[in-house]
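Chemist: Next up, data_24.cif (mmCIF, C-alpha atoms and all ligand atoms).
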data_work
loop_
_atom_site.group_PDB
_atom_site.id
_atom_site.type_symbol
_atom_site.label_atom_id
_atom_site.label_comp_id
_atom_site.auth_asym_id
_atom_site.auth_seq_id
_atom_site.Cartn_x
_atom_site.Cartn_y
_atom_site.Cartn_z
ATOM 1 C CA MET A 3 9.863 16.519 18.430
ATOM 2 C CA SER A 4 12.356 15.626 15.714
ATOM 3 C CA ARG A 5 11.267 16.413 12.173
ATOM 4 C CA ALA A 6 11.320 12.862 10.947
ATOM 5 C CA LEU A 7 10.111 11.428 14.247
ATOM 6 C CA ALA A 8 12.847 8.892 13.566
ATOM 7 C CA GLY A 9 14.134 6.696 16.345
ATOM 8 C CA LYS A 10 11.000 6.950 18.470
ATOM 9 C CA GLU A 11 9.400 3.711 19.502
ATOM 10 C CA VAL A 12 6.224 5.342 20.780
ATOM 11 C CA SER A 13 5.365 8.728 22.210
ATOM 12 C CA GLN A 14 2.902 9.206 25.033
ATOM 13 C CA ARG A 15 0.068 11.659 24.328
ATOM 14 C CA ASN A 16 -1.712 13.739 26.958
ATOM 15 C CA SER A 17 -4.731 11.509 26.470
ATOM 16 C CA GLY A 18 -2.644 8.639 27.808
ATOM 17 C CA TYR A 19 -2.409 6.401 24.756
ATOM 18 C CA ALA A 20 0.846 5.626 23.002
ATOM 19 C CA ARG A 21 1.317 6.540 19.337
ATOM 20 C CA ARG A 22 3.168 4.142 17.083
ATOM 21 C CA ALA A 23 6.744 4.884 15.981
ATOM 22 C CA ASN A 24 6.814 7.378 13.071
ATOM 23 C CA ASP A 25 2.987 7.438 13.170
ATOM 24 C CA ASN A 26 2.977 4.165 11.296
ATOM 25 C CA TYR A 27 -0.753 3.562 10.911
ATOM 26 C CA PRO A 28 -1.554 1.524 7.772
ATOM 27 C CA THR A 29 -4.629 2.757 5.927
ATOM 28 C CA PRO A 30 -7.430 0.209 5.323
ATOM 29 C CA ALA A 31 -8.115 -0.337 1.594
ATOM 30 C CA TRP A 32 -11.679 1.052 1.685
ATOM 31 C CA VAL A 33 -10.306 4.463 2.662
ATOM 32 C CA THR A 34 -8.091 4.701 -0.429
ATOM 33 C CA ASP A 35 -10.854 3.187 -2.607
ATOM 34 C CA ALA A 36 -13.154 6.009 -1.440
ATOM 35 C CA LEU A 37 -10.764 8.579 -2.896
ATOM 36 C CA ILE A 38 -10.490 7.121 -6.417
ATOM 37 C CA PRO A 39 -13.817 8.351 -7.910
ATOM 38 C CA HIS A 40 -12.958 11.913 -6.821
ATOM 39 C CA LEU A 41 -9.536 12.161 -8.462
ATOM 40 C CA PRO A 42 -9.108 14.508 -11.449
ATOM 41 C CA ILE A 43 -6.698 12.158 -13.273
ATOM 42 C CA LYS A 44 -6.574 8.356 -13.414
ATOM 43 C CA ASN A 45 -3.806 5.992 -14.526
ATOM 44 C CA CYS A 46 -0.867 8.340 -13.964
ATOM 45 C CA VAL A 47 2.349 7.943 -11.957
ATOM 46 C CA VAL A 48 1.635 8.596 -8.274
ATOM 47 C CA TRP A 49 4.264 9.116 -5.591
ATOM 48 C CA GLU A 50 3.287 7.657 -2.195
ATOM 49 C CA PRO A 51 6.044 9.240 -0.062
ATOM 50 C CA ALA A 52 5.094 7.809 3.357
ATOM 51 C CA ALA A 53 4.272 4.316 2.169
ATOM 52 C CA GLY A 54 4.883 2.409 5.411
ATOM 53 C CA SER A 55 3.983 -1.226 4.895
ATOM 54 C CA GLY A 56 2.336 -0.428 1.551
ATOM 55 C CA GLN A 57 -1.431 -0.692 2.096
ATOM 56 C CA MET A 58 -2.142 2.532 0.244
ATOM 57 C CA VAL A 59 0.308 1.561 -2.503
ATOM 58 C CA ALA A 60 -1.566 -1.727 -3.007
ATOM 59 C CA ALA A 61 -4.972 -0.010 -3.206
ATOM 60 C CA LEU A 62 -3.681 2.621 -5.663
ATOM 61 C CA SER A 63 -2.037 -0.053 -7.829
ATOM 62 C CA SER A 64 -5.288 -2.031 -7.891
ATOM 63 C CA ALA A 65 -7.031 1.135 -9.087
ATOM 64 C CA GLY A 66 -4.641 1.357 -12.063
ATOM 65 C CA PHE A 67 -2.056 3.866 -10.850
ATOM 66 C CA ASP A 68 1.673 3.349 -11.418
ATOM 67 C CA VAL A 69 2.927 3.922 -7.867
ATOM 68 C CA ALA A 70 6.398 5.089 -6.811
ATOM 69 C CA ALA A 71 6.694 4.278 -3.100
ATOM 70 C CA SER A 72 9.128 5.609 -0.505
ATOM 71 C CA ASP A 73 9.284 6.080 3.267
ATOM 72 C CA ILE A 74 11.694 7.448 5.820
ATOM 73 C CA ALA A 75 11.935 3.918 7.163
ATOM 74 C CA ASN A 76 13.689 3.056 3.886
ATOM 75 C CA GLY A 77 15.955 6.102 4.061
ATOM 76 C CA GLN A 78 13.916 8.639 2.063
ATOM 77 C CA ASP A 79 12.791 11.760 3.930
ATOM 78 C CA PHE A 80 9.953 13.299 1.898
ATOM 79 C CA LEU A 81 10.646 16.743 3.321
ATOM 80 C CA THR A 82 14.182 17.005 2.032
ATOM 81 C CA GLN A 83 14.799 14.426 -0.688
ATOM 82 C CA PRO A 84 13.785 14.301 -4.377
ATOM 83 C CA ALA A 85 11.229 11.903 -5.843
ATOM 84 C CA PRO A 86 12.404 8.412 -6.767
ATOM 85 C CA ARG A 87 11.168 9.081 -10.343
ATOM 86 C CA PRO A 88 9.056 11.624 -12.264
ATOM 87 C CA PHE A 89 5.443 11.720 -11.041
ATOM 88 C CA ARG A 90 2.178 13.506 -11.761
ATOM 89 C CA ALA A 91 0.498 13.180 -8.387
ATOM 90 C CA ILE A 92 1.254 12.717 -4.693
ATOM 91 C CA ILE A 93 -1.128 10.705 -2.522
ATOM 92 C CA THR A 94 -0.503 9.770 1.096
ATOM 93 C CA ASN A 95 -1.593 9.555 4.686
ATOM 94 C CA PRO A 96 1.077 11.775 6.260
ATOM 95 C CA PRO A 97 2.394 11.343 9.805
ATOM 96 C CA TYR A 98 0.089 13.522 11.924
ATOM 97 C CA GLU A 99 2.866 15.552 13.537
ATOM 98 C CA LEU A 100 4.283 16.491 10.106
ATOM 99 C CA ALA A 101 1.053 16.889 8.138
ATOM 100 C CA THR A 102 1.432 20.635 7.497
ATOM 101 C CA GLU A 103 5.035 20.217 6.359
ATOM 102 C CA PHE A 104 4.023 17.304 4.110
ATOM 103 C CA ILE A 105 1.308 19.384 2.397
ATOM 104 C CA GLU A 106 3.604 22.390 1.962
ATOM 105 C CA ARG A 107 6.308 20.190 0.481
ATOM 106 C CA ALA A 108 3.862 18.364 -1.813
ATOM 107 C CA LEU A 109 2.379 21.615 -3.157
ATOM 108 C CA SER A 110 5.860 23.022 -3.776
ATOM 109 C CA ILE A 111 6.803 20.099 -6.069
ATOM 110 C CA MET A 112 3.396 19.215 -7.581
ATOM 111 C CA PRO A 113 3.419 19.412 -11.414
ATOM 112 C CA ALA A 114 1.069 22.134 -12.750
ATOM 113 C CA ASP A 115 -1.068 19.468 -14.459
ATOM 114 C CA GLY A 116 -1.002 17.111 -11.497
ATOM 115 C CA PHE A 117 -2.627 16.856 -8.084
ATOM 116 C CA VAL A 118 -2.005 16.183 -4.400
ATOM 117 C CA ALA A 119 -4.329 14.157 -2.157
ATOM 118 C CA MET A 120 -3.849 13.809 1.607
ATOM 119 C CA LEU A 121 -5.835 11.892 4.194
ATOM 120 C CA LEU A 122 -6.219 14.100 7.284
ATOM 121 C CA ARG A 123 -8.477 14.599 10.266
ATOM 122 C CA THR A 124 -11.728 16.170 9.195
ATOM 123 C CA ASP A 125 -11.117 19.403 11.129
ATOM 124 C CA PHE A 126 -7.580 19.843 9.818
ATOM 125 C CA ASP A 127 -8.695 22.728 7.590
ATOM 126 C CA HIS A 128 -10.216 24.694 10.501
ATOM 127 C CA ALA A 129 -7.038 26.212 11.929
ATOM 128 C CA LYS A 130 -6.302 29.853 11.064
ATOM 129 C CA SER A 131 -2.628 28.967 10.903
ATOM 130 C CA ARG A 132 -3.321 26.524 8.038
ATOM 131 C CA GLN A 133 -5.418 28.767 5.801
ATOM 132 C CA HIS A 134 -2.492 29.176 3.369
ATOM 133 C CA LEU A 135 -3.206 25.505 2.514
ATOM 134 C CA PHE A 136 -7.007 25.810 2.293
ATOM 135 C CA GLY A 137 -9.097 28.991 2.143
ATOM 136 C CA GLU A 138 -6.209 31.084 0.833
ATOM 137 C CA CYS A 139 -4.757 28.404 -1.456
ATOM 138 C CA ALA A 140 -5.724 28.648 -5.148
ATOM 139 C CA TRP A 141 -4.870 24.934 -5.603
ATOM 140 C CA PHE A 142 -7.237 23.641 -2.907
ATOM 141 C CA TRP A 143 -9.958 21.913 -4.914
ATOM 142 C CA LYS A 144 -11.991 19.382 -2.963
ATOM 143 C CA LYS A 145 -12.694 17.886 0.461
ATOM 144 C CA VAL A 146 -14.133 14.366 0.573
ATOM 145 C CA VAL A 147 -15.629 13.637 3.994
ATOM 146 C CA LEU A 148 -15.553 9.989 5.099
ATOM 147 C CA THR A 149 -18.796 9.283 6.909
ATOM 148 C CA LYS A 150 -17.414 6.050 8.424
ATOM 149 C CA ARG A 151 -14.680 6.137 11.077
ATOM 150 C CA ILE A 152 -11.362 4.495 10.277
ATOM 151 C CA LYS A 153 -10.307 1.550 12.409
ATOM 152 C CA TRP A 154 -6.532 1.857 12.169
ATOM 153 C CA PHE A 155 -5.594 -1.597 13.348
ATOM 154 C CA ASP A 156 -7.341 -4.796 14.377
ATOM 155 C CA ASP A 157 -6.885 -4.301 18.121
ATOM 156 C CA SER A 158 -7.965 -0.645 18.028
ATOM 157 C CA ASP A 159 -11.007 -1.111 20.276
ATOM 158 C CA GLY A 160 -10.818 1.503 22.992
ATOM 159 C CA GLN A 161 -8.214 3.609 21.148
ATOM 160 C CA PRO A 162 -9.125 7.213 20.322
ATOM 161 C CA SER A 163 -10.829 7.458 16.952
ATOM 162 C CA PHE A 164 -11.226 10.553 14.764
ATOM 163 C CA ASN A 165 -13.249 11.466 11.718
ATOM 164 C CA HIS A 166 -11.200 11.853 8.552
ATOM 165 C CA ALA A 167 -11.455 13.393 5.102
ATOM 166 C CA TRP A 168 -9.492 13.384 1.893
ATOM 167 C CA TYR A 169 -8.189 16.796 0.790
ATOM 168 C CA ILE A 170 -7.296 17.294 -2.884
ATOM 169 C CA TRP A 171 -5.283 20.110 -4.489
ATOM 170 C CA ALA A 172 -5.309 20.569 -8.289
ATOM 171 C CA ALA A 173 -5.536 23.339 -10.876
ATOM 172 C CA HIS A 174 -9.202 24.274 -11.289
ATOM 173 C CA SER A 175 -11.558 27.187 -11.706
ATOM 174 C CA GLY A 176 -14.165 28.173 -9.159
ATOM 175 C CA LYS A 177 -14.363 27.527 -5.441
ATOM 176 C CA PRO A 178 -13.385 24.340 -3.604
ATOM 177 C CA THR A 179 -16.125 21.715 -3.417
ATOM 178 C CA LEU A 180 -17.327 19.322 -0.749
ATOM 179 C CA ALA A 181 -18.205 15.671 -1.313
ATOM 180 C CA TYR A 182 -19.124 12.709 0.887
ATOM 181 C CA GLY A 183 -17.707 9.211 0.746
ATOM 182 C CA PRO A 184 -18.588 5.999 2.548
HETATM 183 C C1 LIG B 1 0.377 7.127 8.926
HETATM 184 S S1 LIG B 1 1.700 6.133 8.269
HETATM 185 C C2 LIG B 1 1.113 5.939 6.618
HETATM 186 C C3 LIG B 1 1.419 4.605 6.015
HETATM 187 C C4 LIG B 1 0.849 4.432 4.603
HETATM 188 N N1 LIG B 1 0.819 5.681 3.842
HETATM 189 C C5 LIG B 1 -0.559 3.894 4.663
HETATM 190 O O1 LIG B 1 -1.455 4.705 4.669
HETATM 191 O O2 LIG B 1 -0.733 2.670 4.722
HETATM 192 C C6 LIG B 1 2.941 7.382 8.161
HETATM 193 C C7 LIG B 1 4.258 6.933 7.528
HETATM 194 O O3 LIG B 1 5.068 8.106 7.393
HETATM 195 C C8 LIG B 1 6.423 7.715 7.485
HETATM 196 N N2 LIG B 1 7.209 8.935 7.715
HETATM 197 C C9 LIG B 1 7.321 9.659 8.869
HETATM 198 N N3 LIG B 1 8.096 10.742 8.664
HETATM 199 C C10 LIG B 1 8.458 10.722 7.338
HETATM 200 C C11 LIG B 1 9.246 11.568 6.505
HETATM 201 N N4 LIG B 1 9.790 12.701 6.978
HETATM 202 N N5 LIG B 1 9.414 11.227 5.202
HETATM 203 C C12 LIG B 1 8.853 10.097 4.706
HETATM 204 N N6 LIG B 1 8.105 9.245 5.453
HETATM 205 C C13 LIG B 1 7.904 9.553 6.751
HETATM 206 C C14 LIG B 1 6.419 6.681 8.600
HETATM 207 O O4 LIG B 1 7.560 5.851 8.538
HETATM 208 C C15 LIG B 1 5.100 5.947 8.333
HETATM 209 O O5 LIG B 1 5.319 4.792 7.551
#
Render the structure in this file as structure tokens.

Modeler:
Amino acid sequence: MSRALAGKEVSQRNSGYARRANDNYPTPAWVTDALIPHLPIKNCVVWEPAAGSGQMVAALSSAGFDVAASDIANGQDFLTQPAPRPFRAIITNPPYELATEFIERALSIMPADGFVAMLLRTDFDHAKSRQHLFGECAWFWKKVVLTKRIKWFDDSDGQPSFNHAWYIWAAHSGKPTLAYGP
């Protein structure tokens, strides 16, 4: 699997369904709206580094954030290239195959007074191999479980569907907390 997943039309999974090129699954607005009340800072500059067709950018802008958007489809690889402009927070729905790398990269460039929020499968924090991002990570602050399943596109009937959660990293004291969204 190439790092950027670039150039792939679709890849066939063992389950038999085809994933979209670059994992381009636009996020319905309600999913981003569910994150907003849980964020530690409002009205700052947010970098959405895997913006795709811009659904998350639109929802964040509507919520009052100043959003800097980029995507590998427009020539900007989040894993290797600098931000388009100074930012305080990173919020995205990373491509599944690169989710760990996206979180590691985001935490390595997050301002000390900022935050990172990622939409991931709800069991993403279970793996032992990822504990440096969760149980052993001093920045890991909050998990917001979405109690409704995400329908990724209009014709998604019959496609595999997973439960998701928002994961937020920010400076804080105390242990990480758990919350529930719609
Ligand atoms: C799941 S979609 C998310 C789209 C958008 N964030 C949303 O939620 O509506 C993942 C996006 O990641 C982009 N992508 C894949 N690899 C990338 C990389 N290395 N750097 C930046 N973007 C990448 C894809 O082009 C795709 O648009």

Chemist: In Å, with one decimal, what is the gap from atom CA of A:Ala71 to atom C2 of ligand LIG 1 (chain B)?

Modeler: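 Separation between atom CA of A:Ala71 and atom C2 of ligand LIG 1 (chain B): 11.3 Å.
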
Chemist: Could you expand the PyMOL selection byres (((chain A and resi 86) around 9) and not hetatm) into the explicit residues it covers here, written as a VMD selection string?

Modeler: chain A and resid 49 70 to 72 78 83 to 85 87 to 89

Chemist: Taking only C-alpha atoms and all ligand atoms into account, which residues are within 9 Å of ligand LIG 1 (chain B), as a ChimeraX atom specification?

Modeler: /A:5-8,23-31,34,50-60,72-83,93-100,103-104,121

Chemist: Which polymer residues have any atom within 12 Å of an atom of A:Tyr182, counting only C-alpha atoms, with same-chain residues fewer than 4 positions away left out, as a list of chain:residue names?

Modeler: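 The residues that qualify are A:Ala36, A:Leu37, A:Pro39, A:His40, A:Thr124, A:Lys144, A:Lys145, A:Val146, A:Val147, A:Leu148, A:Thr149, A:Lys150, A:His166, A:Ala167, A:Trp168, A:Tyr169.
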
Chemist: For the PyMOL selection byres (((chain A and resi 92) around 10) and not hetatm), applied here, can you spell out every residue it catches as a VMD selection string?

Modeler: chain A and resid 47 to 51 69 to 70 89 to 91 93 to 94 105 108 to 109 111 to 113 116 to 120 170 to 171

Chemist: Measuring between all atoms listed in the file, which one of A:Leu180, A:Ala129, A:Val33, A:Ala114 shows the shortest distance to A:Trp143?

Modeler: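 Once distances to A:Trp143 are computed over all atoms listed in the file, the minimum belongs to A:Leu180.
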
Chemist: When the PyMOL selection byres (((chain A and resi 66) around 12) and not hetatm) is applied to the file above, which residues end up in the set, as a PDB file with C-alpha atoms, in the coordinates of the input?

Modeler:
ATOM      1  CA  ASP A  35     -10.854   3.187  -2.607  1.00  0.00           C
ATOM      2  CA  ILE A  38     -10.490   7.121  -6.417  1.00  0.00           C
ATOM      3  CA  ILE A  43      -6.698  12.158 -13.273  1.00  0.00           C
ATOM      4  CA  LYS A  44      -6.574   8.356 -13.414  1.00  0.00           C
ATOM      5  CA  ASN A  45      -3.806   5.992 -14.526  1.00  0.00           C
ATOM      6  CA  CYS A  46      -0.867   8.340 -13.964  1.00  0.00           C
ATOM      7  CA  VAL A  47       2.349   7.943 -11.957  1.00  0.00           C
ATOM      8  CA  VAL A  48       1.635   8.596  -8.274  1.00  0.00           C
ATOM      9  CA  VAL A  59       0.308   1.561  -2.503  1.00  0.00           C
ATOM     10  CA  ALA A  60      -1.566  -1.727  -3.007  1.00  0.00           C
ATOM     11  CA  ALA A  61      -4.972  -0.010  -3.206  1.00  0.00           C
ATOM     12  CA  LEU A  62      -3.681   2.621  -5.663  1.00  0.00           C
ATOM     13  CA  SER A  63      -2.037  -0.053  -7.829  1.00  0.00           C
ATOM     14  CA  SER A  64      -5.288  -2.031  -7.891  1.00  0.00           C
ATOM     15  CA  ALA A  65      -7.031   1.135  -9.087  1.00  0.00           C
ATOM     16  CA  PHE A  67      -2.056   3.866 -10.850  1.00  0.00           C
ATOM     17  CA  ASP A  68       1.673   3.349 -11.418  1.00  0.00           C
ATOM     18  CA  VAL A  69       2.927   3.922  -7.867  1.00  0.00           C
TER      19      VAL A  69
END

Chemist: Mind pulling up the distance from atom CA of A:His134 to atom CA of A:Pro178?

Modeler: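 About the pair atom CA of A:Pro178 and atom CA of A:His134: they are 13.8 Å apart.
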
Chemist: With distances taken over all atoms listed in the file, which of A:Leu41, A:Phe142, A:Trp32, A:Arg123 is nearest to A:Ser163?

Modeler: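 Ranking A:Leu41, A:Phe142, A:Trp32, A:Arg123 by distance to A:Ser163, first place goes to A:Arg123.
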
Chemist: Could you tell me how far atom CA of A:Arg132 sits from atom CA of A:Gly183, in Å to one decimal place?

Modeler: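 Atom CA of A:Arg132 lies at a distance of 23.7 Å from atom CA of A:Gly183.
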
Chemist: Check the smallest atom-to-atom distance from each of A:Ser110, A:Thr102, A:Pro184, A:His174 to A:Arg151 using all atoms listed in the file, then report the winner.

Modeler: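 Going through A:Ser110, A:Thr102, A:Pro184, A:His174 one by one, the smallest distance to A:Arg151 is for A:Pro184.
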